[in-house]
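Have a look at the structure below, then the notes.
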Amino acid sequence: MSDATEANEPVEPTGSDEGGGAGGRRVRVVLVDDHRMFRTGVQAEIGRTEETGVEVVGEAADVDQAVTVITATRPEVVLLDVHLPGGGGVEVLRRCAPMMGAVENPVRFLALSVSDAAEDVIGVIRGGARGYVTKTITGTDLVDSVFRVQDGDAVFSPRLAGFVLDAFASTDAPPVDEDLDRLTQREREVLRLIARGYAYKEIAKQLFISVKTVESHVSAVLRKLQLSNRHELTRWATARRLV
């Protein structure tokens, strides 16, 4: 089963008859993720231009690099991680808003993240991203998602579409949670996995960080929320439906 579903009906491929996948179509892509090994893996999986039609024209590891590379290359699609040094994916979207709103050749964004949290999904969609898929997506589905975003479709991993529909169906602004706002994006990510019962080693593997870094994040979360242990942390997260 595909990990991505589109909001619109499929669009028949168009474009030149030059080499490449998707019926000869080409799409220029920038990869934005703070994990170099992940970028390398995505490049190897979808960047075989003659087979997939995807040409990776740039990479970036933080917000400043992302804005610089996107401005210089003007790709059709940016694969954007949600959690980045320098302000996160939302900050990249904010600073690239003029390019997203261009009448001709707009730059479109597809979030590609390990996080499946509602607040992350809603945040980047409100920031202007055209879709959101998780890193469990297959290479084939990711290529398909990139082309659909290039066409202007909205693309989501199946369970994430409900978050967006619910959020935009409501006219009420979400309540501000001052305690949650004290946490960085990475701390929220670790908090959610801890609350789901993941061991430190499992969290480290999933987030591509060290066990020591996980421990540091947990200590920071406990301190900021004035909690004593992971059991209290789990109850706190469950009460706010973050799990």
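Within each chain, counting starts at residue 1; across the structure tokens, chains are named A, B, ... in the order shown, with ligands numbered 1 upward in that order.
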
What residues in segment 18-170 of chain A get the DSSP label helix (DSSP H, G or I)? Please answer as a short mmCIF file (atom, residue, chain, number, x, y, z; two decimals) with all heavy atoms, in the first residue's frame.
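Written output follows (part24.cif):
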data_model
loop_
_atom_site.label_atom_id
_atom_site.label_comp_id
_atom_site.auth_asym_id
_atom_site.auth_seq_id
_atom_site.Cartn_x
_atom_site.Cartn_y
_atom_site.Cartn_z
N GLY A 21 12.50 9.28 -15.53
CA GLY A 21 11.30 8.57 -15.16
C GLY A 21 10.07 9.40 -15.41
O GLY A 21 10.10 10.48 -15.97
N ALA A 22 8.93 8.85 -14.95
CA ALA A 22 7.64 9.54 -15.04
C ALA A 22 7.34 10.01 -16.45
O ALA A 22 6.97 11.14 -16.70
CB ALA A 22 7.60 10.71 -14.07
N GLY A 23 7.53 9.10 -17.43
CA GLY A 23 7.19 9.44 -18.81
C GLY A 23 8.09 10.50 -19.41
O GLY A 23 7.67 11.26 -20.28
N GLY A 24 9.33 10.58 -18.98
CA GLY A 24 10.25 11.56 -19.53
C GLY A 24 10.26 12.88 -18.80
O GLY A 24 11.00 13.79 -19.16
N ARG A 36 23.25 14.01 7.52
CA ARG A 36 23.92 13.81 6.23
C ARG A 36 23.68 12.41 5.69
O ARG A 36 23.45 12.23 4.48
CB ARG A 36 25.42 14.06 6.37
CG ARG A 36 26.20 13.92 5.07
CD ARG A 36 27.68 14.18 5.27
NE ARG A 36 28.25 13.26 6.24
CZ ARG A 36 28.62 12.02 5.96
NH1 ARG A 36 28.48 11.54 4.72
NH2 ARG A 36 29.15 11.25 6.89
N MET A 37 23.71 11.41 6.56
CA MET A 37 23.52 10.04 6.09
C MET A 37 22.12 9.84 5.52
O MET A 37 21.93 9.10 4.55
CB MET A 37 23.79 9.05 7.22
CG MET A 37 25.25 8.95 7.62
SD MET A 37 25.56 7.67 8.87
CE MET A 37 25.15 6.20 7.95
N PHE A 38 21.13 10.51 6.11
CA PHE A 38 19.78 10.39 5.57
C PHE A 38 19.70 11.05 4.20
O PHE A 38 19.11 10.50 3.27
CB PHE A 38 18.76 11.02 6.51
CG PHE A 38 17.35 10.95 5.99
CD1 PHE A 38 16.65 9.76 6.05
CD2 PHE A 38 16.76 12.05 5.41
CE1 PHE A 38 15.36 9.66 5.55
CE2 PHE A 38 15.46 11.98 4.90
CZ PHE A 38 14.77 10.77 4.98
N ARG A 39 20.31 12.23 4.06
CA ARG A 39 20.31 12.89 2.75
C ARG A 39 20.98 12.01 1.71
O ARG A 39 20.51 11.90 0.56
CB ARG A 39 21.03 14.24 2.83
CG ARG A 39 20.37 15.26 3.72
CD ARG A 39 20.87 16.67 3.42
NE ARG A 39 22.30 16.80 3.36
CZ ARG A 39 23.09 17.04 4.41
NH1 ARG A 39 22.56 17.16 5.63
NH2 ARG A 39 24.39 17.17 4.26
N THR A 40 22.08 11.36 2.10
CA THR A 40 22.80 10.48 1.18
C THR A 40 21.90 9.32 0.76
O THR A 40 21.87 8.93 -0.42
CB THR A 40 24.08 9.94 1.84
OG1 THR A 40 24.93 11.04 2.19
CG2 THR A 40 24.82 9.00 0.90
N GLY A 41 21.15 8.78 1.72
CA GLY A 41 20.25 7.67 1.41
C GLY A 41 19.13 8.08 0.47
O GLY A 41 18.79 7.34 -0.47
N VAL A 42 18.55 9.25 0.70
CA VAL A 42 17.48 9.74 -0.18
C VAL A 42 18.02 10.00 -1.57
O VAL A 42 17.39 9.66 -2.58
CB VAL A 42 16.83 11.01 0.40
CG1 VAL A 42 15.84 11.61 -0.60
CG2 VAL A 42 16.12 10.70 1.71
N GLN A 43 19.19 10.61 -1.62
CA GLN A 43 19.83 10.88 -2.92
C GLN A 43 20.04 9.58 -3.70
O GLN A 43 19.75 9.50 -4.90
CB GLN A 43 21.17 11.59 -2.68
CG GLN A 43 22.13 11.61 -3.86
CD GLN A 43 21.85 12.72 -4.83
OE1 GLN A 43 20.73 12.88 -5.29
NE2 GLN A 43 22.88 13.48 -5.16
N ALA A 44 20.52 8.54 -3.01
CA ALA A 44 20.77 7.26 -3.67
C ALA A 44 19.47 6.60 -4.11
O ALA A 44 19.41 5.94 -5.16
CB ALA A 44 21.53 6.33 -2.73
N GLU A 45 18.42 6.80 -3.33
CA GLU A 45 17.13 6.14 -3.61
C GLU A 45 16.36 6.80 -4.74
O GLU A 45 15.82 6.12 -5.61
CB GLU A 45 16.28 6.13 -2.34
CG GLU A 45 14.96 5.38 -2.45
CD GLU A 45 15.14 3.88 -2.55
OE1 GLU A 45 16.18 3.38 -2.05
OE2 GLU A 45 14.27 3.21 -3.12
N ILE A 46 16.28 8.13 -4.74
CA ILE A 46 15.42 8.80 -5.72
C ILE A 46 16.19 9.65 -6.73
O ILE A 46 15.61 10.10 -7.71
CB ILE A 46 14.37 9.69 -5.03
CG1 ILE A 46 15.01 10.96 -4.45
CG2 ILE A 46 13.61 8.91 -3.98
CD1 ILE A 46 14.00 11.97 -3.93
N THR A 49 18.54 10.07 -11.80
CA THR A 49 17.71 10.90 -12.68
C THR A 49 17.21 10.15 -13.91
O THR A 49 16.04 10.30 -14.30
CB THR A 49 18.48 12.16 -13.11
OG1 THR A 49 19.00 12.80 -11.94
CG2 THR A 49 17.57 13.12 -13.85
N GLU A 50 18.05 9.36 -14.54
CA GLU A 50 17.63 8.67 -15.76
C GLU A 50 16.53 7.65 -15.49
O GLU A 50 15.75 7.33 -16.37
CB GLU A 50 18.84 7.98 -16.41
CG GLU A 50 19.90 8.94 -16.92
CD GLU A 50 19.31 9.98 -17.88
OE1 GLU A 50 18.52 9.58 -18.76
OE2 GLU A 50 19.64 11.17 -17.75
N GLU A 51 16.45 7.16 -14.25
CA GLU A 51 15.42 6.18 -13.89
C GLU A 51 14.19 6.84 -13.29
O GLU A 51 13.05 6.47 -13.60
CB GLU A 51 15.98 5.16 -12.90
CG GLU A 51 17.13 4.33 -13.41
CD GLU A 51 17.69 3.43 -12.34
OE1 GLU A 51 16.93 3.03 -11.43
OE2 GLU A 51 18.89 3.12 -12.38
N THR A 52 14.40 7.83 -12.42
CA THR A 52 13.29 8.39 -11.64
C THR A 52 12.79 9.72 -12.17
O THR A 52 11.67 10.12 -11.87
CB THR A 52 13.72 8.60 -10.18
OG1 THR A 52 14.77 9.60 -10.13
CG2 THR A 52 14.23 7.31 -9.56
N VAL A 63 18.68 25.82 8.62
CA VAL A 63 17.79 26.83 8.03
C VAL A 63 18.55 27.77 7.10
O VAL A 63 18.13 28.02 5.96
CB VAL A 63 17.06 27.62 9.14
CG1 VAL A 63 16.33 28.82 8.54
CG2 VAL A 63 16.07 26.72 9.87
N ASP A 64 19.66 28.33 7.57
CA ASP A 64 20.40 29.29 6.75
C ASP A 64 20.89 28.66 5.44
O ASP A 64 20.79 29.26 4.37
CB ASP A 64 21.59 29.86 7.53
CG ASP A 64 21.16 30.82 8.63
OD1 ASP A 64 20.02 31.34 8.55
OD2 ASP A 64 21.95 31.06 9.56
N GLN A 65 21.45 27.44 5.55
CA GLN A 65 21.91 26.76 4.35
C GLN A 65 20.75 26.52 3.40
O GLN A 65 20.88 26.69 2.17
CB GLN A 65 22.55 25.41 4.71
CG GLN A 65 23.91 25.50 5.36
CD GLN A 65 24.46 24.11 5.68
OE1 GLN A 65 23.96 23.10 5.20
NE2 GLN A 65 25.50 24.07 6.51
N ALA A 66 19.61 26.12 3.96
CA ALA A 66 18.45 25.81 3.13
C ALA A 66 18.01 27.02 2.32
O ALA A 66 17.80 26.93 1.11
CB ALA A 66 17.30 25.31 4.01
N VAL A 67 17.89 28.16 2.98
CA VAL A 67 17.44 29.37 2.28
C VAL A 67 18.45 29.76 1.20
O VAL A 67 18.06 30.13 0.08
CB VAL A 67 17.24 30.52 3.29
CG1 VAL A 67 16.90 31.82 2.56
CG2 VAL A 67 16.13 30.18 4.28
N THR A 68 19.72 29.65 1.51
CA THR A 68 20.77 29.99 0.53
C THR A 68 20.70 29.08 -0.69
O THR A 68 20.73 29.54 -1.84
CB THR A 68 22.16 29.89 1.18
OG1 THR A 68 22.25 30.83 2.26
CG2 THR A 68 23.25 30.19 0.16
N VAL A 69 20.62 27.77 -0.46
CA VAL A 69 20.62 26.81 -1.57
C VAL A 69 19.34 26.93 -2.40
O VAL A 69 19.38 26.90 -3.63
CB VAL A 69 20.78 25.37 -1.03
CG1 VAL A 69 20.56 24.35 -2.14
CG2 VAL A 69 22.16 25.19 -0.41
N ILE A 70 18.21 27.07 -1.72
CA ILE A 70 16.94 27.18 -2.45
C ILE A 70 16.91 28.44 -3.30
O ILE A 70 16.46 28.44 -4.45
CB ILE A 70 15.75 27.15 -1.46
CG1 ILE A 70 15.66 25.78 -0.79
CG2 ILE A 70 14.43 27.48 -2.16
CD1 ILE A 70 14.77 25.75 0.44
N THR A 71 17.41 29.54 -2.74
CA THR A 71 17.44 30.80 -3.48
C THR A 71 18.35 30.69 -4.70
O THR A 71 18.03 31.21 -5.78
CB THR A 71 17.94 31.95 -2.58
OG1 THR A 71 17.06 32.07 -1.45
CG2 THR A 71 17.97 33.27 -3.33
N ALA A 72 19.48 29.99 -4.54
CA ALA A 72 20.45 29.88 -5.63
C ALA A 72 19.99 28.94 -6.73
O ALA A 72 20.27 29.18 -7.92
CB ALA A 72 21.79 29.41 -5.07
N THR A 73 19.28 27.87 -6.37
CA THR A 73 18.95 26.84 -7.36
C THR A 73 17.51 26.92 -7.88
O THR A 73 17.21 26.40 -8.95
CB THR A 73 19.16 25.43 -6.77
OG1 THR A 73 18.31 25.27 -5.61
CG2 THR A 73 20.62 25.23 -6.36
N GLY A 88 13.90 25.40 12.46
CA GLY A 88 13.02 24.36 11.96
C GLY A 88 12.48 24.64 10.57
O GLY A 88 12.72 25.68 9.96
N GLY A 89 11.73 23.66 10.06
CA GLY A 89 11.17 23.77 8.73
C GLY A 89 10.25 24.95 8.56
O GLY A 89 10.18 25.55 7.47
N VAL A 90 9.51 25.30 9.62
CA VAL A 90 8.59 26.45 9.53
C VAL A 90 9.34 27.74 9.22
O VAL A 90 8.86 28.59 8.46
CB VAL A 90 7.78 26.58 10.83
CG1 VAL A 90 6.96 27.87 10.83
CG2 VAL A 90 6.85 25.38 11.00
N GLU A 91 10.54 27.88 9.78
CA GLU A 91 11.34 29.08 9.51
C GLU A 91 11.82 29.11 8.06
O GLU A 91 11.86 30.17 7.43
CB GLU A 91 12.54 29.13 10.47
CG GLU A 91 13.48 30.31 10.26
CD GLU A 91 12.83 31.68 10.52
OE1 GLU A 91 11.73 31.73 11.10
OE2 GLU A 91 13.44 32.69 10.14
N VAL A 92 12.18 27.95 7.52
CA VAL A 92 12.55 27.89 6.10
C VAL A 92 11.38 28.34 5.24
O VAL A 92 11.54 29.15 4.30
CB VAL A 92 12.98 26.46 5.71
CG1 VAL A 92 13.25 26.39 4.20
CG2 VAL A 92 14.21 26.02 6.48
N LEU A 93 10.19 27.85 5.56
CA LEU A 93 9.00 28.23 4.79
C LEU A 93 8.74 29.73 4.89
O LEU A 93 8.40 30.38 3.88
CB LEU A 93 7.79 27.45 5.31
CG LEU A 93 7.81 25.94 5.03
CD1 LEU A 93 6.78 25.23 5.89
CD2 LEU A 93 7.55 25.66 3.56
N ARG A 94 8.90 30.27 6.07
CA ARG A 94 8.65 31.70 6.25
C ARG A 94 9.59 32.53 5.40
O ARG A 94 9.18 33.48 4.71
CB ARG A 94 8.82 32.08 7.73
CG ARG A 94 8.45 33.54 8.04
CD ARG A 94 8.80 33.91 9.46
NE ARG A 94 10.24 33.97 9.68
CZ ARG A 94 11.00 34.98 9.33
NH1 ARG A 94 10.47 36.04 8.72
NH2 ARG A 94 12.31 34.96 9.56
N ARG A 95 10.87 32.15 5.38
CA ARG A 95 11.86 32.93 4.65
C ARG A 95 11.81 32.69 3.14
O ARG A 95 12.32 33.49 2.36
CB ARG A 95 13.25 32.63 5.21
CG ARG A 95 13.42 33.18 6.63
CD ARG A 95 14.66 32.68 7.35
NE ARG A 95 15.90 33.02 6.66
CZ ARG A 95 17.12 32.72 7.12
NH1 ARG A 95 17.23 32.08 8.29
NH2 ARG A 95 18.20 33.05 6.45
N ALA A 97 8.85 32.31 1.57
CA ALA A 97 7.48 32.62 1.15
C ALA A 97 7.39 33.33 -0.20
O ALA A 97 6.52 33.00 -1.01
CB ALA A 97 6.78 33.44 2.23
N PRO A 98 8.27 34.31 -0.50
CA PRO A 98 8.17 34.96 -1.81
C PRO A 98 8.37 33.99 -2.98
O PRO A 98 7.72 34.12 -4.02
CB PRO A 98 9.30 36.00 -1.77
CG PRO A 98 9.48 36.29 -0.31
CD PRO A 98 9.27 34.97 0.36
N MET A 99 9.25 32.99 -2.80
CA MET A 99 9.47 32.01 -3.86
C MET A 99 8.28 31.07 -3.99
O MET A 99 7.93 30.64 -5.09
CB MET A 99 10.76 31.23 -3.60
CG MET A 99 12.02 32.05 -3.84
SD MET A 99 13.54 31.09 -3.59
CE MET A 99 13.67 31.14 -1.79
N MET A 100 7.64 30.74 -2.87
CA MET A 100 6.45 29.89 -2.92
C MET A 100 5.31 30.61 -3.63
O MET A 100 4.49 29.99 -4.31
CB MET A 100 6.01 29.49 -1.51
CG MET A 100 6.87 28.44 -0.87
SD MET A 100 6.11 27.80 0.64
CE MET A 100 6.36 29.18 1.77
N ALA A 118 0.66 15.77 15.24
CA ALA A 118 -0.30 16.67 14.61
C ALA A 118 0.22 18.10 14.55
O ALA A 118 0.05 18.79 13.54
CB ALA A 118 -1.63 16.62 15.38
N GLU A 119 0.87 18.56 15.64
CA GLU A 119 1.31 19.96 15.64
C GLU A 119 2.40 20.21 14.61
O GLU A 119 2.49 21.30 14.04
CB GLU A 119 1.80 20.38 17.03
CG GLU A 119 3.03 19.65 17.55
CD GLU A 119 2.69 18.45 18.40
OE1 GLU A 119 1.61 17.89 18.24
OE2 GLU A 119 3.53 18.08 19.25
N ASP A 120 3.25 19.20 14.33
CA ASP A 120 4.28 19.35 13.30
C ASP A 120 3.65 19.42 11.92
O ASP A 120 4.02 20.25 11.08
CB ASP A 120 5.27 18.19 13.37
CG ASP A 120 6.18 18.27 14.59
OD1 ASP A 120 6.36 19.38 15.12
OD2 ASP A 120 6.71 17.23 15.01
N VAL A 121 2.70 18.51 11.68
CA VAL A 121 2.03 18.48 10.38
C VAL A 121 1.31 19.80 10.11
O VAL A 121 1.48 20.44 9.08
CB VAL A 121 1.03 17.31 10.31
CG1 VAL A 121 0.30 17.31 8.97
CG2 VAL A 121 1.73 15.97 10.53
N ILE A 122 0.51 20.22 11.08
CA ILE A 122 -0.29 21.43 10.91
C ILE A 122 0.60 22.66 10.77
O ILE A 122 0.34 23.56 9.96
CB ILE A 122 -1.26 21.59 12.08
CG1 ILE A 122 -2.29 20.45 12.05
CG2 ILE A 122 -1.98 22.94 12.03
CD1 ILE A 122 -3.08 20.30 13.32
N GLY A 123 1.71 22.68 11.53
CA GLY A 123 2.60 23.84 11.50
C GLY A 123 3.19 24.09 10.12
O GLY A 123 3.19 25.22 9.63
N VAL A 124 3.70 23.02 9.47
CA VAL A 124 4.33 23.23 8.16
C VAL A 124 3.29 23.45 7.06
O VAL A 124 3.56 24.17 6.09
CB VAL A 124 5.29 22.08 7.79
CG1 VAL A 124 6.46 22.02 8.73
CG2 VAL A 124 4.57 20.76 7.71
N ILE A 125 2.11 22.85 7.21
CA ILE A 125 1.07 23.09 6.20
C ILE A 125 0.59 24.53 6.28
O ILE A 125 0.40 25.20 5.27
CB ILE A 125 -0.09 22.10 6.37
CG1 ILE A 125 0.39 20.66 6.15
CG2 ILE A 125 -1.23 22.43 5.40
CD1 ILE A 125 1.06 20.42 4.82
N ARG A 126 0.41 25.03 7.49
CA ARG A 126 0.05 26.44 7.64
C ARG A 126 1.17 27.35 7.13
O ARG A 126 0.92 28.46 6.68
CB ARG A 126 -0.27 26.75 9.10
CG ARG A 126 -1.66 26.26 9.50
CD ARG A 126 -2.00 26.63 10.92
NE ARG A 126 -3.40 26.35 11.19
CZ ARG A 126 -3.91 26.10 12.40
NH1 ARG A 126 -3.11 26.06 13.44
NH2 ARG A 126 -5.19 25.86 12.55
N GLY A 127 2.41 26.85 7.19
CA GLY A 127 3.53 27.63 6.69
C GLY A 127 3.63 27.66 5.18
O GLY A 127 4.40 28.44 4.63
N GLY A 139 10.84 4.52 -1.62
CA GLY A 139 11.44 5.39 -2.63
C GLY A 139 10.50 5.65 -3.80
O GLY A 139 10.39 6.78 -4.28
N THR A 140 9.79 4.61 -4.24
CA THR A 140 8.85 4.76 -5.36
C THR A 140 7.75 5.74 -5.01
O THR A 140 7.38 6.61 -5.82
CB THR A 140 8.24 3.39 -5.72
OG1 THR A 140 9.28 2.49 -6.11
CG2 THR A 140 7.25 3.53 -6.86
N ASP A 141 7.18 5.61 -3.81
CA ASP A 141 6.10 6.51 -3.40
C ASP A 141 6.61 7.94 -3.20
O ASP A 141 5.88 8.90 -3.45
CB ASP A 141 5.44 6.01 -2.11
CG ASP A 141 4.55 4.80 -2.36
OD1 ASP A 141 4.17 4.58 -3.51
OD2 ASP A 141 4.23 4.08 -1.39
N LEU A 142 7.86 8.07 -2.75
CA LEU A 142 8.41 9.40 -2.57
C LEU A 142 8.58 10.10 -3.92
O LEU A 142 8.27 11.29 -4.05
CB LEU A 142 9.75 9.33 -1.83
CG LEU A 142 10.41 10.67 -1.51
CD1 LEU A 142 9.47 11.57 -0.71
CD2 LEU A 142 11.71 10.45 -0.74
N VAL A 143 9.07 9.38 -4.90
CA VAL A 143 9.19 9.95 -6.25
C VAL A 143 7.82 10.39 -6.75
O VAL A 143 7.65 11.50 -7.27
CB VAL A 143 9.83 8.94 -7.22
CG1 VAL A 143 9.72 9.44 -8.67
CG2 VAL A 143 11.29 8.70 -6.86
N ASP A 144 6.83 9.54 -6.58
CA ASP A 144 5.47 9.87 -7.01
C ASP A 144 4.96 11.12 -6.29
O ASP A 144 4.35 12.01 -6.90
CB ASP A 144 4.54 8.69 -6.73
CG ASP A 144 3.11 8.97 -7.15
OD1 ASP A 144 2.85 9.08 -8.36
OD2 ASP A 144 2.24 9.09 -6.26
N SER A 145 5.24 11.21 -4.99
CA SER A 145 4.80 12.36 -4.20
C SER A 145 5.45 13.64 -4.68
O SER A 145 4.81 14.70 -4.75
CB SER A 145 5.11 12.13 -2.72
OG SER A 145 4.41 11.02 -2.20
N VAL A 146 6.74 13.57 -5.01
CA VAL A 146 7.47 14.75 -5.50
C VAL A 146 6.84 15.27 -6.79
O VAL A 146 6.60 16.47 -6.94
CB VAL A 146 8.95 14.41 -5.72
CG1 VAL A 146 9.64 15.50 -6.54
CG2 VAL A 146 9.66 14.23 -4.38
N PHE A 147 6.53 14.37 -7.71
CA PHE A 147 5.92 14.80 -8.97
C PHE A 147 4.53 15.37 -8.75
O PHE A 147 4.12 16.33 -9.42
CB PHE A 147 5.88 13.65 -9.98
CG PHE A 147 7.17 13.47 -10.74
CD1 PHE A 147 8.04 12.45 -10.43
CD2 PHE A 147 7.51 14.36 -11.75
CE1 PHE A 147 9.23 12.29 -11.12
CE2 PHE A 147 8.70 14.21 -12.45
CZ PHE A 147 9.57 13.18 -12.13
N ARG A 148 3.77 14.81 -7.83
CA ARG A 148 2.42 15.32 -7.58
C ARG A 148 2.47 16.71 -6.94
O ARG A 148 1.65 17.57 -7.24
CB ARG A 148 1.63 14.33 -6.74
CG ARG A 148 1.40 13.01 -7.46
CD ARG A 148 0.36 12.15 -6.80
NE ARG A 148 0.23 10.89 -7.50
CZ ARG A 148 -0.41 10.71 -8.66
NH1 ARG A 148 -0.98 11.74 -9.25
NH2 ARG A 148 -0.47 9.52 -9.22
N VAL A 149 3.44 16.90 -6.06
CA VAL A 149 3.60 18.23 -5.47
C VAL A 149 4.02 19.22 -6.55
O VAL A 149 3.57 20.37 -6.57
CB VAL A 149 4.62 18.19 -4.31
CG1 VAL A 149 5.06 19.60 -3.92
CG2 VAL A 149 4.01 17.48 -3.11
N GLN A 150 4.89 18.80 -7.45
CA GLN A 150 5.27 19.67 -8.57
C GLN A 150 4.04 20.09 -9.37
O GLN A 150 3.93 21.24 -9.83
CB GLN A 150 6.26 18.95 -9.50
CG GLN A 150 6.72 19.80 -10.68
CD GLN A 150 7.48 18.99 -11.71
OE1 GLN A 150 7.28 17.78 -11.83
NE2 GLN A 150 8.35 19.65 -12.46
N PRO A 158 -1.25 8.67 4.73
CA PRO A 158 -2.68 8.50 4.99
C PRO A 158 -3.20 9.03 6.32
O PRO A 158 -4.16 9.80 6.35
CB PRO A 158 -2.87 6.98 4.88
CG PRO A 158 -1.83 6.57 3.90
CD PRO A 158 -0.64 7.45 4.19
N ARG A 159 -2.59 8.64 7.44
CA ARG A 159 -3.16 9.03 8.73
C ARG A 159 -2.95 10.51 9.03
O ARG A 159 -3.62 11.07 9.89
CB ARG A 159 -2.58 8.18 9.86
CG ARG A 159 -1.12 8.42 10.18
CD ARG A 159 -0.67 7.53 11.33
NE ARG A 159 -1.36 7.85 12.56
CZ ARG A 159 -0.91 8.71 13.47
NH1 ARG A 159 0.22 9.35 13.26
NH2 ARG A 159 -1.58 8.93 14.57
N LEU A 160 -2.03 11.17 8.32
CA LEU A 160 -1.74 12.56 8.60
C LEU A 160 -2.75 13.51 7.97
O LEU A 160 -2.93 14.63 8.43
CB LEU A 160 -0.34 12.93 8.11
CG LEU A 160 0.81 12.05 8.63
CD1 LEU A 160 2.14 12.61 8.16
CD2 LEU A 160 0.78 11.94 10.14
N ALA A 161 -3.42 13.06 6.92
CA ALA A 161 -4.38 13.93 6.25
C ALA A 161 -5.50 14.35 7.20
O ALA A 161 -6.00 15.47 7.13
CB ALA A 161 -4.97 13.21 5.03
N GLY A 162 -5.89 13.45 8.11
CA GLY A 162 -6.95 13.77 9.07
C GLY A 162 -6.59 14.93 9.97
O GLY A 162 -7.47 15.74 10.33
N PHE A 163 -5.31 15.04 10.36
CA PHE A 163 -4.88 16.15 11.20
C PHE A 163 -5.16 17.48 10.50
O PHE A 163 -5.67 18.42 11.10
CB PHE A 163 -3.38 16.08 11.49
CG PHE A 163 -2.95 14.87 12.28
CD1 PHE A 163 -1.65 14.41 12.19
CD2 PHE A 163 -3.83 14.21 13.11
CE1 PHE A 163 -1.23 13.31 12.92
CE2 PHE A 163 -3.43 13.11 13.85
CZ PHE A 163 -2.13 12.65 13.74
N VAL A 164 -4.83 17.51 9.22
CA VAL A 164 -4.98 18.76 8.46
C VAL A 164 -6.45 19.09 8.26
O VAL A 164 -6.87 20.24 8.43
CB VAL A 164 -4.26 18.64 7.11
CG1 VAL A 164 -4.42 19.92 6.30
CG2 VAL A 164 -2.77 18.34 7.32
N LEU A 165 -7.24 18.10 7.90
CA LEU A 165 -8.67 18.33 7.71
C LEU A 165 -9.32 18.83 8.99
O LEU A 165 -10.12 19.78 8.97
CB LEU A 165 -9.35 17.04 7.25
CG LEU A 165 -8.98 16.55 5.84
CD1 LEU A 165 -9.61 15.19 5.58
CD2 LEU A 165 -9.43 17.56 4.80
N ASP A 166 -8.97 18.22 10.12
CA ASP A 166 -9.54 18.64 11.40
C ASP A 166 -9.12 20.06 11.75
O ASP A 166 -9.92 20.87 12.21
CB ASP A 166 -9.12 17.69 12.52
CG ASP A 166 -9.76 16.32 12.39
OD1 ASP A 166 -10.75 16.20 11.63
OD2 ASP A 166 -9.27 15.38 13.04
N ALA A 167 -7.85 20.35 11.51
CA ALA A 167 -7.32 21.67 11.88
C ALA A 167 -7.96 22.79 11.07
O ALA A 167 -8.35 23.83 11.60
CB ALA A 167 -5.81 21.70 11.71
N PHE A 168 -8.11 22.57 9.76
CA PHE A 168 -8.62 23.62 8.92
C PHE A 168 -10.14 23.66 8.86
O PHE A 168 -10.73 24.61 8.35
CB PHE A 168 -8.02 23.51 7.51
CG PHE A 168 -6.58 23.93 7.47
CD1 PHE A 168 -5.57 23.00 7.67
CD2 PHE A 168 -6.22 25.25 7.27
CE1 PHE A 168 -4.23 23.37 7.65
CE2 PHE A 168 -4.89 25.63 7.24
CZ PHE A 168 -3.90 24.70 7.44
N ALA A 169 -10.78 22.62 9.42
CA ALA A 169 -12.24 22.65 9.52
C ALA A 169 -12.69 23.52 10.67
O ALA A 169 -13.82 23.99 10.72
CB ALA A 169 -12.78 21.24 9.70
#

Shell around Lys212 of chain A at 9 Å using only C-alpha atoms, local window under 5 positions removed, as a ChimeraX atom specification | /A:200,204,217

Do you have the atom CA of Arg130 of chain A-atom CA of Ala154 of chain A distance handy?
-> 5.1 Å

Residues flagged strand (DSSP E or B) by DSSP in segment 8-237 of chain A, as JSON, numbers by chain | {"A": [27, 28, 29, 30, 31, 32, 54, 55, 56, 57, 58, 59, 60, 77, 78, 79, 80, 108, 109, 110, 111, 112, 113, 131, 132, 133, 134, 155, 156]}

Distance atom CA of Thr238 of chain A-atom CA of Lys201 of chain A, one decimal place?
->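 About the pair atom CA of Thr238 of chain A and atom CA of Lys201 of chain A: they are 21.8 Å apart.
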
Non-local contacts of Glu215 of chain A (12 Å; only C-alpha atoms; under 5 positions in same chain excluded) as an MDAnalysis selection string | chainID A and resid 187 190:191 194 199:201 203:204 209:210 220:222 230

Do you know which residues are at most 7 Å from Leu31 of chain A counting only C-alpha atoms, after dropping those on the same chain fewer than 2 positions away, and could you put them as a list in words?
->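 Final neighbour list, sorted by chain and number: Val29, Asp33, Arg39, Gly58, Glu59, Ala60, Val78, Leu79 and Leu80 of chain A.
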
Which is closer to Val114 of chain A than all the others in A:Arg240, A:Arg48, A:Arg235, A:His83, using only C-alpha atoms?
-> A:His83

Nearest to Arg182 of chain A, restricted to only C-alpha atoms and choosing among A:Lys224, A:Arg108, A:Lys205, A:Arg25, comes out as A:Lys224

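Computed from the coordinates, the atom CA of Ala239 of chain A to atom CA of Ser219 of chain A distance equals 20.1 Å.
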
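You can rank A:Glu178, A:Gln226, A:Ser115, A:Leu233 by their closest distance to Gly197 of chain A using only C-alpha atoms, and at the top of that list sits A:Leu233.
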